[in-house]
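Presented below is the structure to which this report refers.
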Amino acid sequence: MTLSYVLASYASDPLRSRGRRLYEEDAPTRNDYQRDRDRIVHSSAFRRLVYKTQVFLNHEGDLFRTRLTHSLEVAQLARSMARALHLHEDLVEAMALAHDLGHTPFGHAGQEALNACMESFGGFEHNLQSLRVVDFLEERYASFDGLNLTYETREGILKHCSLPHARQLEAMEPGGVGQRFILREQPSLEAQLCNLSDEIAYNAHDIDDGVRSGLLSMDQLQGVPLVAHYSQETLKKYPHVKDRRWLFETIRMMLSDQVYDVIGNTQEALKAANITNSLEVKRHPMLVKFSEPMQLASLELKGFLSQNLYRHSRVQKTTEQAKEMIRDLFLAYTHDPKEMPQAYQNREDKERAVADYIAGMTDRFAAKEHQRLGGTTRWNEA
Ligand code: MG
C-alpha cells in the first residue's frame with residue numbers, strides 16, 4: 001500500500017485543466033478543482049439540497065436520505081475509489097456534490113412533471129439544469145453569473161444530455177461540454193467514477209430507507225441475490241445479529257465489495273487498454289465499471305427497487321400529488337410572472353424562467369407556494 005498520493009498519468013490534472021469560461025487568477029494555496037468544490041459547497045443550490053426529496057418526501061421522516069445526504073454519500077464513495085485509482089479526489093468530490101444541484105423538488109416526480117410542462121419550450125432535464133445552476137443561476141459573484149467552474153467539473157456535472165440539447169450547448173459554447181455527446185466520446189475517469197458512485201450509493205441507501213419506511217422487508221430482500229448473499233454472509237459471521245444491525249452490516253459488506261470490484265475491474269481495464277493519458281480515456285469505451293457478475297447483480301437490485309420501492313403504491317400516491325403541485329405552480333407563474341421574484345419575472349424566456357424558479361425550490365417551499373397561490377392539492381403530512 002502506498003502512503004503518498006500520486007496522481008496517475010490518466011487522471012485529470014488541474015495543471016492541464018481546460019480552464020474556466022472566464023479567466024481568473026490562480027488561488028495561492030488551492031488547486032482549481034478544490035476551488036470548484038469549495039464554490040459548490042458555498043452555493044445556495046447546495047444548501048437547498050437538504051430540503052429536497054431523494055425518494056421519500058422530506059417531511060416523511062428525519063432519517064431518510066435527502067438530496068444532500070445522498071450527494072455526500074456519492075462523494076464519499078467517489079473519493080474513496082479515486083484515491084485507490086490515483087485519480088483526482090477533489091475533482092470527483094466537486095462533481096459528486098454538484099451532480100444533483102439541478103433536481104426539482106419532489107424527486108423524479110417533480111422532474112417528470114416539469115419536463116411535461118416544458119414540452120413545447122425545450123423540455124427539462126435535471127442534468128442540464130445542474131449545469132445551468134453552476135453556469136448561470138447562482139448569484140454569488142460581483143462580476144459574473146454562476147460559479148465559473150472549470151471545464152472538467154462542468155463535464156462531470158453534465159452526466160447525460162440528449163442530442164438536441166448537446167447541439168444547443170455546442171452552438172453556445174463550441175468545443176465545450178456538449179461536444180462529447182455529439183462525438184460519442186466518454187468523459188474523464190473522474191466523471192465515470194462519479195456516475196457509478198451515484199448508482200452504488202442510491203442502490204444501497206434505498207434498501208436502507210426502504211426497510212426503514214416499512215415498504216421493504218428483510219424477508220423480501222432475500223429474493224434479491226446480491227442482498228441475500230451479503231445478508232447470509234453477515235449471519236455466518238455474526239449468528240446473533242438481527243434487525244437494523246443485520247441490515248446495516250449487510251449493506252456495509254455489499255458496499256465494500258462493490259467498491260473493491262470497481263477498483264479492481266477498472267485497474268484491469270486501464271491496463272488491458274494500455275491507457276496512458278486522459279485523452280485516450282475519452283476515445284475508449286467506458287473504463288470505470290463493475291465486473292460483469294457484479295454488473296448483473298447490481299442491475300437485478302435496481303430492477304427490484306424500481307418494482308417494489310419506487311413504484312410502491314405509497315410512493316406512487318405522493319408522486320401523483322407532487323406532479324399536480326408542479327403543474328399548478330407552472331400554470332400559476334406563467335399566467336402571472338409577477339408572482340415570482342423580480343429577477344425571474346423580468347426575463348424574456350418566460351417559460352424557462354418559470355422552470356428555473358420551480359426547479360430551484362425545496363419541497364417545503366414549493367408546497368408553501370402552492371398553498372399561497374390557491375392550490376387545492378391535499379398534501380399528506382406524515
Ligand atoms: Mg444522484
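By convention here, the chains of the C-alpha cells are called A, B, ... in the order presented, each chain's residues are numbered starting at 1, and ligands are numbered starting at 1 in the order presented.
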Given 12 Å and only C-alpha atoms and all ligand atoms, residues near ligand 1 as a PyMOL selection string: chain A and resi 49+52-55+65-75+95-103+107-108+126-127+130+157+159+194-203+205-206
If you run DSSP on this backbone, which residues of segment 211-311 of chain A come out as helix (DSSP H, G or I), and could you give them as a PyMOL selection string? chain A and resi 211-213+218-221+225-237+243-272+278-283+292-310
Please identify all polymer residues within 9 Å of segment 340-357 of chain A, counting only C-alpha atoms, omitting same-chain residues fewer than 3 positions from it, and present them as a count of residues only. 20
List the neighbours of segment 142-152 of chain A out to 6 Å using only C-alpha atoms; skip same-chain residues closer than 4 positions along the sequence, and give me the result as a PyMOL selection string. chain A and resi 18-20+36+134-138
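Ranking A:Asp257, A:Glu185, A:Glu112, A:Glu268 by their shortest atom-to-atom distance to His284 of chain A, with only C-alpha atoms included, puts A:Glu185 first.
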Selection near segment 293-305 of chain A, 7 Å with only C-alpha atoms, sequence-local residues under 4 positions removed, as a list in words: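 In the requested format, the answer is Asn203, Val224, Leu226, Leu309 and Tyr310 of chain A.
Within the 12 Å cut-off around Tyr5 of chain A, using only C-alpha atoms and omitting residues fewer than 3 positions from it on the same chain, the listed residues are Met1, Thr2, Ala8, Ala82, Arg83, Ala84, Leu85, His86, Leu87, His88 and Glu89 of chain A.
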Under the rule that only C-alpha atoms are counted, which of A:Pro14, A:Val92, A:Glu170, A:Glu125 is the nearest residue to Asp26 of chain A?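 When distances to Asp26 of chain A are compared using only C-alpha atoms, the smallest one comes from A:Pro14.
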Top pick for closest residue to Leu216 of chain A, considering A:Leu22, A:Met172, A:Leu183, A:Leu247 and counting only C-alpha atoms: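 Distance minimum relative to Leu216 of chain A lands on A:Leu247.
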